[in-house]
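Containing compact mmCIF, C-alpha atoms and all ligand atoms: input_2.txt.
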```txt
# COMPACT_ATOMS: atom_id res chain seq x y z
CA MET A 1 94.82 105.10 97.20
CA VAL A 2 96.23 101.74 98.17
CA VAL A 3 99.21 100.09 96.48
CA LEU A 4 99.06 96.31 96.95
CA ASP A 5 102.39 94.58 96.49
CA PRO A 6 102.18 90.83 95.84
CA ALA A 7 105.70 89.87 96.87
CA HIS A 8 108.08 87.68 94.83
CA GLY A 9 107.17 86.61 91.27
CA GLY A 10 108.93 85.20 88.23
CA THR A 11 111.97 83.15 89.17
CA ASP A 12 111.50 84.15 92.83
CA ALA A 13 108.79 81.75 93.99
CA GLY A 14 108.98 82.74 97.66
CA ALA A 15 107.90 80.14 100.21
CA ARG A 16 106.77 76.80 98.80
CA GLY A 17 103.91 74.56 99.83
CA GLU A 18 103.28 71.08 98.56
CA ALA A 19 101.82 72.13 95.24
CA VAL A 20 101.81 75.88 95.51
CA ALA A 21 104.23 78.76 95.55
CA GLU A 22 103.92 81.92 97.62
CA LYS A 23 104.27 84.11 94.52
CA ASP A 24 101.04 82.69 93.04
CA ILE A 25 99.04 82.74 96.28
CA VAL A 26 99.92 86.35 97.10
CA LEU A 27 98.81 87.40 93.62
CA GLN A 28 95.41 85.72 94.13
CA ILE A 29 95.07 87.25 97.58
CA ALA A 30 95.98 90.70 96.22
CA ARG A 31 93.33 90.43 93.52
CA SER A 32 90.59 89.55 96.05
CA ALA A 33 91.80 92.20 98.49
CA ARG A 34 91.81 94.70 95.66
CA ALA A 35 88.18 93.91 94.82
CA ALA A 36 87.21 94.23 98.49
CA LEU A 37 89.00 97.58 98.83
CA GLU A 38 87.46 98.88 95.60
CA ARG A 39 83.99 97.99 96.90
CA GLN A 40 84.76 100.28 99.86
CA GLY A 41 85.63 103.10 97.50
CA TYR A 42 89.43 102.85 97.52
CA HIS A 43 91.51 103.26 94.41
CA VAL A 44 93.88 100.29 94.21
CA VAL A 45 97.04 99.76 92.19
CA MET A 46 99.07 96.54 92.18
CA THR A 47 102.85 96.42 91.78
CA ARG A 48 102.39 93.33 89.61
CA ASN A 49 99.36 91.59 88.15
CA ASP A 50 101.16 88.69 86.50
CA ASP A 51 104.13 86.41 87.14
CA SER A 52 106.71 89.18 86.85
CA ASN A 53 109.15 90.14 89.59
CA PRO A 54 109.71 93.90 89.74
CA SER A 55 112.72 94.92 91.82
CA TYR A 56 112.22 96.36 95.31
CA ASP A 57 113.14 99.74 93.87
CA ASP A 58 110.63 99.44 91.02
CA ARG A 59 107.87 98.48 93.45
CA ALA A 60 108.69 101.39 95.75
CA ALA A 61 108.89 103.77 92.79
CA MET A 62 105.39 102.71 91.70
CA ALA A 63 104.04 103.60 95.14
CA ASN A 64 106.06 106.80 95.35
CA GLY A 65 104.51 108.01 92.10
CA TYR A 66 101.22 108.54 93.92
CA ARG A 67 100.51 111.17 96.50
CA ASP A 68 99.09 109.90 99.79
CA ALA A 69 99.30 106.26 98.78
CA ILE A 70 99.39 103.49 101.35
CA PHE A 71 101.75 100.63 100.47
CA ILE A 72 100.99 97.07 101.56
CA SER A 73 103.35 94.22 100.72
CA LEU A 74 101.73 90.77 100.86
CA HIS A 75 103.45 87.54 101.90
CA VAL A 76 102.47 84.00 102.85
CA ALA A 77 104.70 82.52 105.55
CA SER A 78 105.95 78.94 105.59
CA THR A 79 105.46 78.78 109.37
CA GLY A 80 103.15 80.19 112.01
CA THR A 81 99.75 79.38 113.48
CA PRO A 82 97.37 78.45 110.64
CA ARG A 83 95.01 81.21 109.52
CA THR A 84 96.67 83.97 111.48
CA VAL A 85 98.07 87.16 109.97
CA ARG A 86 100.85 89.45 111.13
CA THR A 87 101.63 93.04 110.15
CA TYR A 88 105.11 94.56 110.10
CA SER A 89 106.32 98.11 109.77
CA MET A 90 109.85 99.19 108.98
CA SER A 91 112.52 99.39 111.64
CA PHE A 92 115.90 100.79 110.72
CA ALA A 93 117.43 99.34 113.88
CA ALA A 94 120.29 97.07 112.88
CA SER A 95 119.75 94.74 115.81
CA ALA A 96 116.22 93.54 114.99
CA ALA A 97 115.79 90.16 113.35
CA PRO A 98 115.00 90.53 109.68
CA LEU A 99 111.71 89.33 108.23
CA GLU A 100 111.91 86.69 105.56
CA ALA A 101 110.99 89.47 103.15
CA ALA A 102 114.05 91.47 104.10
CA GLY A 103 116.62 90.71 101.45
CA ALA A 104 120.05 92.07 100.79
CA THR A 105 120.25 95.66 99.77
CA SER A 106 120.74 96.67 96.18
CA ALA A 107 123.91 95.35 94.57
CA ARG A 108 124.45 98.64 92.83
CA PRO A 109 127.86 100.17 93.32
CA ALA A 110 128.00 102.51 96.23
CA SER A 111 127.79 106.09 95.26
CA PRO A 112 126.41 109.06 96.62
CA VAL A 113 124.05 110.43 99.05
CA THR A 114 121.07 110.03 96.74
CA LEU A 115 121.34 106.25 96.96
CA VAL A 116 121.65 106.40 100.72
CA SER A 117 118.57 108.53 101.04
CA TRP A 118 116.65 106.34 98.62
CA ALA A 119 117.53 103.33 100.76
CA GLU A 120 116.20 105.13 103.81
CA ALA A 121 113.32 106.98 102.19
CA GLN A 122 110.88 105.32 104.60
CA ARG A 123 112.61 106.80 107.64
CA PRO A 124 110.38 109.92 107.98
CA TYR A 125 107.29 107.69 107.74
CA VAL A 126 108.27 105.11 110.35
CA ALA A 127 105.86 106.44 112.98
CA ALA A 128 102.95 106.73 110.53
CA SER A 129 103.65 103.24 109.22
CA HIS A 130 103.80 101.84 112.74
CA ARG A 131 100.45 103.44 113.58
CA LEU A 132 98.91 102.02 110.41
CA ALA A 133 100.41 98.59 111.11
CA ASP A 134 98.88 98.54 114.59
CA LEU A 135 95.47 99.57 113.24
CA ILE A 136 95.61 96.87 110.57
CA GLN A 137 96.81 94.28 113.08
CA GLY A 138 93.94 95.21 115.41
CA GLU A 139 91.51 94.45 112.58
CA PHE A 140 93.33 91.20 111.76
CA ALA A 141 93.06 90.11 115.39
CA GLN A 142 89.29 90.22 114.95
CA ALA A 143 89.05 88.90 111.39
CA PHE A 144 91.64 86.12 111.82
CA ALA A 145 91.27 84.65 115.31
CA GLY A 146 94.55 83.88 117.03
CA SER A 147 96.44 86.67 115.30
CA PRO A 148 98.48 88.97 117.55
CA SER A 149 96.84 92.25 118.60
CA ILE A 150 99.80 94.49 117.82
CA SER A 151 102.20 94.78 114.90
CA GLU A 152 105.96 94.31 114.89
CA SER A 153 108.73 96.63 113.70
CA VAL A 154 111.46 94.84 111.76
CA PRO A 155 113.77 95.63 108.84
CA VAL A 156 111.77 94.87 105.69
CA ARG A 157 113.60 95.47 102.44
CA ALA A 158 110.36 96.01 100.52
CA LEU A 159 109.40 98.97 102.73
CA ARG A 160 112.58 100.91 103.15
CA SER A 161 112.33 103.04 100.00
CA VAL A 162 108.63 103.84 100.16
CA THR A 163 107.82 107.50 100.82
CA GLY A 164 104.54 107.05 102.67
CA PRO A 165 102.83 104.77 105.18
CA ALA A 166 103.97 101.24 104.33
CA VAL A 167 103.47 97.84 105.93
CA ALA A 168 104.11 94.18 105.16
CA VAL A 169 101.44 91.57 105.85
CA GLU A 170 102.21 87.89 106.32
CA ILE A 171 99.59 85.14 106.29
CA SER A 172 100.18 81.67 107.77
CA SER A 173 100.86 79.38 106.34
CA ILE A 174 101.71 77.83 103.03
CA SER A 175 102.68 74.55 104.70
CA THR A 176 99.41 74.08 106.62
CA GLU A 177 96.69 75.62 104.44
CA THR A 178 95.35 74.68 101.04
CA SER A 179 95.73 77.26 98.32
CA ASP A 180 91.92 77.72 98.33
CA ALA A 181 91.92 78.49 102.06
CA LEU A 182 94.74 80.97 101.61
CA THR A 183 93.21 82.75 98.64
CA ALA A 184 89.88 82.93 100.49
CA SER A 185 91.62 85.15 103.03
CA GLY A 186 91.95 87.90 100.40
CA GLU A 187 88.48 89.36 100.87
CA PRO A 188 88.48 89.55 104.71
CA LEU A 189 92.04 90.84 104.45
CA GLY A 190 90.98 93.64 102.11
CA ASN A 191 88.00 94.52 104.31
CA ALA A 192 90.18 94.62 107.42
CA ILE A 193 92.68 96.90 105.67
CA ALA A 194 89.84 99.17 104.53
CA ARG A 195 88.59 99.52 108.12
CA ALA A 196 92.10 100.25 109.38
CA ILE A 197 92.71 102.97 106.80
CA MET A 198 89.39 104.55 107.70
CA ALA A 199 90.41 104.55 111.36
CA LEU A 200 93.76 106.11 110.42
CA ARG A 201 91.98 108.86 108.50
CA GLN A 202 89.58 109.54 111.35
CA ALA A 203 92.47 109.73 113.80
CA GLY A 204 94.24 112.14 111.45
CA ALA A 205 91.14 114.27 111.02
CA ALA A 206 90.77 114.45 114.80
CA GLY A 207 94.32 115.70 115.07
CA VAL A 208 95.59 112.58 116.80
CA LYS A 209 99.23 112.10 115.96
ZN ZN B 301 107.42 86.24 101.06
```
Can you give me the file's structure in the form of structure tokens?
Ligand SMILES: [Zn+2]
Amino acid sequence: MVVLDPAHGGTDAGARGEAVAEKDIVLQIARSARAALERQGYHVVMTRNDDSNPSYDDRAAMANGYRDAIFISLHVASTGTPRTVRTYSMSFAASAAPLEAAGATSARPASPVTLVSWAEAQRPYVAASHRLADLIQGEFAQAFAGSPSISESVPVRALRSVTGPAVAVEISSISTETSDALTASGEPLGNAIARAIMALRQAGAAGVK
């Protein structure tokens, strides 16, 4: 089971290109990636399939409703080497530079421990997410030449409340690529993710931790 999270939506357009907005491109990419993953036998759910903008908590709750789901948040950067892709996993270290996707925490009034734990629900999965992020990034390095070979750990708001392996993926870039070129990356992206998840499963089955 894979939960694809097209970031932004609605009044939150995300990064803007000349005639395109990140929120629209990530939705197109998610749809192609979904088709590619489904062809490989994965069950795929999307946190949005229209121009809505579910909250971070709503998106995490959707993923947390499934057992053994893998959560992948999709972004298009406004910078970076054209046609490269980077993968991020959650870091709770306060010193790391936040990803563009890392927004302010919930504006809800502070109250109890349950909110604190919800905000750090990803913590027990940090190692698993990092392993998945590296596997995905290894596939991206081959599918999208010029991409880095390892992932990065940064605070990502979209990941912090997910109770399972969770990564954010960022494609470059909305300022250099046409929307067609960006949306065409959806299929190779989905295939690369499928290969990475298979490698994760095989490592798990072999007892590699
Ligand atoms: Zn974004």
*asked:* If we count all atoms listed in the file and set the cut-off at 7 Å, which residues sit around stretch 168-178 of chain A, ignoring sequence neighbours fewer than 6 positions away in its own chain? Please answer as an MDAnalysis selection string.
replied: chainID A and resid 16:17 72:89
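Atom CA of A:Gln122 sits 10.5 Å away from atom CA of A:Val156.
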Quiz prompt | Residue contacts of A:Gly204 (12 Å, all atoms listed in the file) excluding same-chain residues fewer than 6 positions away, as a list in words | solution =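 Skipping anything fewer than 6 positions along the chain leaves Ala128, Arg131, Leu132, Ile197 and Met198 of chain A.
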Atoms to include: C-alpha atoms. Write the selected residues as a PDB file, in the coordinates of the input.
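Result went into out-v5.pdb, see below:
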```pdb
ATOM      1  CA  ALA A 128     102.950 106.730 110.530  1.00  0.00           C
ATOM      2  CA  ARG A 131     100.450 103.440 113.580  1.00  0.00           C
ATOM      3  CA  LEU A 132      98.910 102.020 110.410  1.00  0.00           C
ATOM      4  CA  ILE A 197      92.710 102.970 106.800  1.00  0.00           C
ATOM      5  CA  MET A 198      89.390 104.550 107.700  1.00  0.00           C
TER       6      MET A 198
END
```
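Identified as lying at most 7 Å from ligand ZN 301 (chain B) when counting only C-alpha atoms and all ligand atoms are the residues Ala7, His8, Gly14, Ala15, Glu22, His75, Val76, Ala77, Glu100 and Ala101 of chain A.
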How would the residues just picked look written out with C-alpha atoms as a tab-separated table (two decimals), keeping the file's coordinate frame?
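Here's the written file selection-v4.tsv:
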```
chain	number	residue	atom	x	y	z
A	7	ALA	CA	105.70	89.87	96.87
A	8	HIS	CA	108.08	87.68	94.83
A	14	GLY	CA	108.98	82.74	97.66
A	15	ALA	CA	107.90	80.14	100.21
A	22	GLU	CA	103.92	81.92	97.62
A	75	HIS	CA	103.45	87.54	101.90
A	76	VAL	CA	102.47	84.00	102.85
A	77	ALA	CA	104.70	82.52	105.55
A	100	GLU	CA	111.91	86.69	105.56
A	101	ALA	CA	110.99	89.47	103.15
```
Among the residues A:Gly41, A:Gly186, A:Gly65, A:Pro155, the one that comes closest to A:Glu120 [using only C-alpha atoms] =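 Ranked by minimum distance to A:Glu120, first place goes to A:Pro155.
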What is the distance, in Å and to one decimal place, between atom CA of A:Glu187 and atom CA of A:Arg39?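 So the two atoms, atom CA of A:Glu187 and atom CA of A:Arg39, lie 10.5 Å apart.
Closest to A:Val167 among A:Met90, A:Leu189, A:Ala21, A:Ala121 is A:Met90, based on only C-alpha atoms.
Atom pair atom CA of A:Arg34 / atom CA of A:Pro148: separated by 23.6 Å.
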The residues within 6 Å of (87.4, 99.4, 101.8), using all atoms listed in the file and the coordinates of the file, should be reported as a ChimeraX atom specification; which are they? /A:37,40-42,191,194
Expected file: the selected residues, C-alpha atoms, as a short mmCIF file (atom, residue, chain, number, x, y, z; two decimals), in the coordinates of the input:
```
data_model
loop_
_atom_site.label_atom_id
_atom_site.label_comp_id
_atom_site.auth_asym_id
_atom_site.auth_seq_id
_atom_site.Cartn_x
_atom_site.Cartn_y
_atom_site.Cartn_z
CA LEU A 37 89.00 97.58 98.83
CA GLN A 40 84.76 100.28 99.86
CA GLY A 41 85.63 103.10 97.50
CA TYR A 42 89.43 102.85 97.52
CA ASN A 191 88.00 94.52 104.31
CA ALA A 194 89.84 99.17 104.53
#
```
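Residues within 9 Å of A:Thr47, counting only C-alpha atoms and excluding same-chain residues fewer than 2 positions away, are Val3, Leu4, Asp5, Pro6, Ala7, Val45, Asn49, Pro54, Asp58, Arg59, Ala60, Met62 and Ala63 of chain A.
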If you count all atoms listed in the file, the residue of A:Ser151, A:Ser129, A:Gln142, A:Ser55 closest to A:Ala192 turns out to be A:Gln142
If you count all atoms listed in the file, the residue of A:Glu18, A:Asp50, A:Phe92, A:Arg31 closest to A:Arg160 turns out to be A:Phe92
A:Arg157 proximity check over A:Tyr56, A:Phe140, A:Phe71, A:Tyr125, using all atoms listed in the file: winner is A:Tyr56
